[in-house]
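Contents: one structure, followed by commentary.
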2 protein chains.
Amino acid sequence: MTELLNILLPAIETELQKQVSRLNAPRTHIFHEMLTYHMGWTGAGAGPEAAGKRIRPLLVLLTTAAAGFKSENQAGPGWEKALPAAAAVELIHNFSLVHDDIEDNSEKRRGRPTLWTKWGLAQATNAGDGLFVLANLAILDLIDNYSAEIVVQVSSILQTTCLDLTRGQFLDISYEKRDDLGVEDYWPMISGKTAALLSGCCALGAVLGGADQAGIDAYRSFGHYLGLAFQVQDDILGIWGNEAITGKSAASDLIEGKKSIPVLVGISKNGRFAERWSKGSIKPEEVEELAKLLASEGAYTYTHELSKQMTDMAINNLREADPQGEAGDTLMNLADKLIRRQA
Amino acid sequence: MTELLNILLPAIETELQKQVSRLNAPRTHIFHEMLTYHMGWTGAGAGPEAAGKRIRPLLVLLTTAAAGFKSENQAGPGWEKALPAAAAVELIHNFSLVHDDIEDNSEKRRGRPTLWTKWGLAQATNAGDGLFVLANLAILDLIDNYSAEIVVQVSSILQTTCLDLTRGQFLDISYEKRDDLGVEDYWPMISGKTAALLSGCCALGAVLGGADQAGIDAYRSFGHYLGLAFQVQDDILGIWGNEAITGKSAASDLIEGKKSIPVLVGISKNGRFAERWSKGSIKPEEVEELAKLLASEGAYTYTHELSKQMTDMAINNLREADPQGEAGDTLMNLADKLIRRQA
């Protein structure tokens, strides 16, 4: 971990705890406890593993700092001023996780029982709403450090991002029941579910760093392609990942029947994989053979090539944005680590 | 219906449809359809009954107009400029209804199947989130008509209101399992669930109408007490209402075991009502007798007196705000109708 990340990560946690503490009041202690549990701070298994990697707030702060060095409006990197925005995107991410877990009927999240399994469906749905509200309040806290025009601009970026998130989630849920999906259906779904928020993080970081419109656009595109590359890589790991590294059953995506990009490619080939897929759920003992079959029909090469393309697009856009200073280097490293990860 | 309401109500529907149409895109037609169904515009049983009374957006526009006549910043009543805010509060209200119906396991809303019974829990949860996002985007549309400072101020009022809503809902859900509740537990719950949004509507209408701080505070308090009076009246109708007027089983609140204010008063008396209540769910054939018993122990008089107090507070605050013109008269009439309704 670079020196800068050692400074940013604790600052993010402090800001998040401050934002969530709005609910730390006499009658809503349990409401507050639900959120501190979900954020990974309290309860059994609390700690960095339970909290997640805080990728999104890091993207905001690194982008703010990397753009800020160039801007004439900034004395220095100025990431401290952007902390409420960093908290906002992480709260948005976690709001969507709480509701996704309900919608997907998932019992575990980062190795711990999900909110709805611990507190019931009703309280968990409401707690997710609470996280969304806290995000909306956090972004407005920027008014202490920025002009009202900037606050309106970044609020607009954040909410447009959220609309994309709900669009992506709508598609994801509706795809579960569809058998007529092609590769072309994949992109609108992951653009919403994964790429929109990463893209939004970079765009609002760029605005807060004082970037010009070309800079904002370049950072936004960087985040978009970073998100796509990340998701494609996730799909590869979900089928051909090394279990020892990923810590989850290597081919769990096949067992879960997830319509990831390699599966959609396999279906489009109309070969032996497509034939087996059409016959219903896949058993654990079939998985190794089926993953090999899918690769032999060209899905691995195709998906790997896609991942490379998206990665190149991300890196090119980041170079175009021309991030400066230690923040710029850290941003480049973080992107590289996210895209090339093996777990 | 006054002439002004005849102008405002269609304008509200047009603005709402415009805001919701953000989701009217090739891949999200069904998402859009879910929302137009819930809003009462499409599907079986569509129409004014299914849409609801649009009380909240009316409060925004009437307050904007009634305050605007006094303000030096306004050439006229100027309610047209506040339409995006009117849409925002109605979208917030409907987001909370969609999630409440899931959390309460309610199968009907305004006489029609609820969203989750028609499209399933996962899509309905996400559709509720979508309404929330649309509200957040709607309020930002005010930037076309107001300064960025005003947009940040009203966004802050809206989100603070939403936090109160989730607090109230948290209490409501947690109260279901509690047997140790007193009258003092009632107010924080309905302050969040009912009064917060009405109060927020009036506060942001006042800001948009250009009221000074004293005016904003008076309108905000008017909305708060209007909400409390409305809820207390609702509780009275839920037990002693005339079925022919309310259209629902007069004492359904008793059957549902709802901890409304008359019930909490009855429990606190520790008399025969409390004894029966402690023995578990109430059967339809017991209801008439039990409602009479509750009244004989003083709960009707007590609650009716509360309703009168809250109403007086609402009216006094509205007089203090000194609403002007036809909008002012309409606001007074609307409040009167809401508080004194028999259904």
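The way I read the labels, and the way they are meant: chains A, B, ... in the order of the structure tokens, residue 1 as the first residue of every chain, and ligand 1 as the first ligand shown, with later ones counted on from there.
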
Problem - Spatial neighbours of stretch 276-281 of chain A, 8 Å, only C-alpha atoms, chain gap at least 5 places, as a PyMOL selection string - result: chain A and resi 255-257+267

Near-stretch 201-214 of chain B list (7 Å; only C-alpha atoms; drop same-chain fewer than 5 positions) as a PDB file with C-alpha atoms, in the first residue's frame:
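Ended up saving to selection-v3.pdb:
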ATOM      1  CA  ARG B  56     -48.101  16.899  -0.781  1.00  0.00           C
ATOM      2  CA  LEU B  59     -48.965  21.883  -0.258  1.00  0.00           C
ATOM      3  CA  VAL B  60     -45.691  22.774  -2.002  1.00  0.00           C
ATOM      4  CA  LEU B  61     -47.346  24.807  -4.762  1.00  0.00           C
ATOM      5  CA  THR B  63     -47.240  27.460  -0.023  1.00  0.00           C
ATOM      6  CA  THR B  64     -44.962  28.744  -2.776  1.00  0.00           C
ATOM      7  CA  ALA B  65     -47.802  30.870  -4.150  1.00  0.00           C
ATOM      8  CA  ALA B  67     -45.636  33.050   0.360  1.00  0.00           C
ATOM      9  CA  GLY B  68     -44.681  34.400  -3.059  1.00  0.00           C
ATOM     10  CA  SER B  71     -41.981  38.234  -1.189  1.00  0.00           C
ATOM     11  CA  ASN B  73     -38.177  38.547  -4.891  1.00  0.00           C
ATOM     12  CA  ALA B  82     -41.795  25.182  -8.122  1.00  0.00           C
ATOM     13  CA  VAL B  89     -42.257  15.315  -2.787  1.00  0.00           C
ATOM     14  CA  VAL B 154     -34.379  22.840  -0.637  1.00  0.00           C
ATOM     15  CA  ILE B 157     -34.833  20.194   3.484  1.00  0.00           C
ATOM     16  CA  TYR B 219     -45.024  27.231   7.345  1.00  0.00           C
ATOM     17  CA  ARG B 220     -42.824  24.340   8.520  1.00  0.00           C
ATOM     18  CA  GLY B 223     -47.093  21.351   8.073  1.00  0.00           C
TER      19      GLY B 223
END

Practice task
Using only C-alpha atoms, find which residues of chain B lie within 8 Å of chain A and jot them down as a count of residues only.
Solution key: 36

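Every protein, DNA or RNA residue with an atom at most 9 Å from A:Tyr186, where only C-alpha atoms count and chain neighbours fewer than 2 positions away do not, is listed here: Leu181, Gly182, Val183, Glu184, Pro188, Met189, Ile190, Ser191, Lys259, Ser260, Ile261 and Leu264 of chain A.
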
Could you write out that same residue set with C-alpha atoms as a short mmCIF file (atom, residue, chain, number, x, y, z; two decimals), in the first residue's frame?
data_model
loop_
_atom_site.label_atom_id
_atom_site.label_comp_id
_atom_site.auth_asym_id
_atom_site.auth_seq_id
_atom_site.Cartn_x
_atom_site.Cartn_y
_atom_site.Cartn_z
CA LEU A 181 -30.29 -13.15 -24.18
CA GLY A 182 -27.30 -12.37 -26.38
CA VAL A 183 -23.93 -10.72 -25.80
CA GLU A 184 -25.51 -7.37 -26.77
CA PRO A 188 -26.41 -2.22 -20.74
CA MET A 189 -26.73 -4.37 -17.62
CA ILE A 190 -23.14 -4.12 -16.37
CA SER A 191 -22.88 -0.51 -17.52
CA LYS A 259 -25.66 -15.06 -17.33
CA SER A 260 -22.13 -13.70 -17.37
CA ILE A 261 -20.33 -12.75 -20.56
CA LEU A 264 -23.62 -15.56 -23.21
#
